[in-house]
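Accompanying notes for the structure given below.
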Amino acid sequence: MSGFVSRVPLRWVDLDAQGHVNNAVVADYLQEARVDWLLSGPNAHLLGTSTMVVSHQVTYLGPVAFGVDPVEVELRVGSVGAARFTLGYSVVQDGRELARARSVLCLFDYAAMRPRRMTTAERGWFATQSGEVAPFASLGRWRVGERAHSYEFVVRWSDLDPYGHVNNVRVFDFVAEARIRMNPDGDDTTRMHLAAEQGLLWMVARQDVDYLGQIAHRVEPYRVRSAVARVGRTSVTIIAQVEDPLDNAVLVRTRTVLVCGDASGRPVPLPESMHEAAARWPAEPA
């Protein structure tokens, strides 16, 4: 069965400093397709009232370039349970698949603050579209540990969604901001500045995000603690968790695979600064 196809327009502001669509914006395209799909059927009432994202896994296969034509996001329904369901996605531009993703969502009663079971009708619509959504390979089991890089951020009002808490896509931004500041040479520059000086690119190959709690708007900052888990020849895995410093609750856990490339995007050996970062902020096996 072919999936639901959503055509998502690109915006010039979607581009990052490297001239292609930012990896976090790709997660935004997935969300737009998901909303488009829900609005197309009888479960549209769930949007803005009853759905919660549990996790995302995104594999980036190539850069998305700016263009006047929309990108196509094909959405497929995977397993459907009593309260949760799985979605698979394929992001295509000019006939090329540039990203592949998988999300788990659940129905949530925001008044009672607990998951709720689907009605027979709700589950029936999901089940009629259900097929196989292949699992992603594991990135390993790691924990941040005590020797972690720490970065604080403040939630903006514009980060909120109709539920009144931070939209799931914005978490990609928070951990990215923390990640580029993992510079062992000091706080006067970032890892991206160092890469630009060396003629290198940092390319996100995979991102996994697990949502454990809600992030609210407030004056007090939140914290991202990041650590280097696995170091290869041209790639590195960085894990992070978003925490509430007021009670040390862990709200989000993420795993990100970065590939170091030259100016043309070909993988090259990791710079010495990343090996220094791995020694300074090591992750621990879980």
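Convention: chains lettered A, B, ... in structure tokens order; per-chain residue numbering from 1; ligands numbered from 1 as shown.
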Shell of 9 Å around segment 121-128 of chain A, only C-alpha atoms, local chain residues under 3 positions omitted, as a VMD selection string: chain A and resid 41 to 43 77 to 83 85 118 131
Segment 219-234 of chain A surroundings by only C-alpha atoms, 9 Å radius, close-in-sequence under 4 positions cut, as a PyMOL selection string: chain A and resi 140+142-145+147-155+174-175+178-179+182+215+238-246+255+257-261+267-271+274-275+277-285
What's the 12 Å shell around Ser264 of chain A, counting only C-alpha atoms, without same-chain residues fewer than 6 positions away, as a PDB file with C-alpha atoms, in the first residue's frame?
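Output file result.pdb follows:
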```pdb
ATOM      1  CA  GLN A  18      25.993  25.599   5.291  1.00  0.00           C
ATOM      2  CA  PRO A  63      21.027  17.578   2.043  1.00  0.00           C
ATOM      3  CA  GLY A 199      37.363  24.138   5.750  1.00  0.00           C
ATOM      4  CA  LEU A 200      35.267  21.348   7.317  1.00  0.00           C
ATOM      5  CA  LEU A 201      31.548  20.623   7.526  1.00  0.00           C
ATOM      6  CA  TRP A 202      29.622  18.857  10.281  1.00  0.00           C
ATOM      7  CA  MET A 203      26.771  16.796   8.827  1.00  0.00           C
TER       8      MET A 203
END
```
Picked from segment 111-171 of chain A by DSSP as strand (DSSP E or B), as an MDAnalysis selection string: chainID A and resid 114:115 130 142:143 149:153 160 166
10 Å contact set for Arg76 of chain A, only C-alpha atoms, chain neighbours under 2 positions out, as a PyMOL selection string: chain A and resi 1-5+34+37+73-74+78+86-90+102+129-133
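One finds atom CA of Ala286 of chain A at 25.1 Å from atom CA of Leu105 of chain A.
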One-decimal distance in Å that lies between atom CA of Val35 of chain A and atom CA of Phe172 of chain A: 18.6 Å
Those in segment 4-253 of chain A with alpha helix (DSSP H) from DSSP, as a PyMOL selection string: chain A and resi 23-39+120-128+170-180+191-197
Atom CA of Val21 of chain A to atom CA of Val209 of chain A, distance in Å rounded to a single decimal: 19.3 Å
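Nearest to Thr256 of chain A of all the residues A:Asp210, A:Glu272, A:Asp69, A:Asp159 is A:Asp210, based on only C-alpha atoms.
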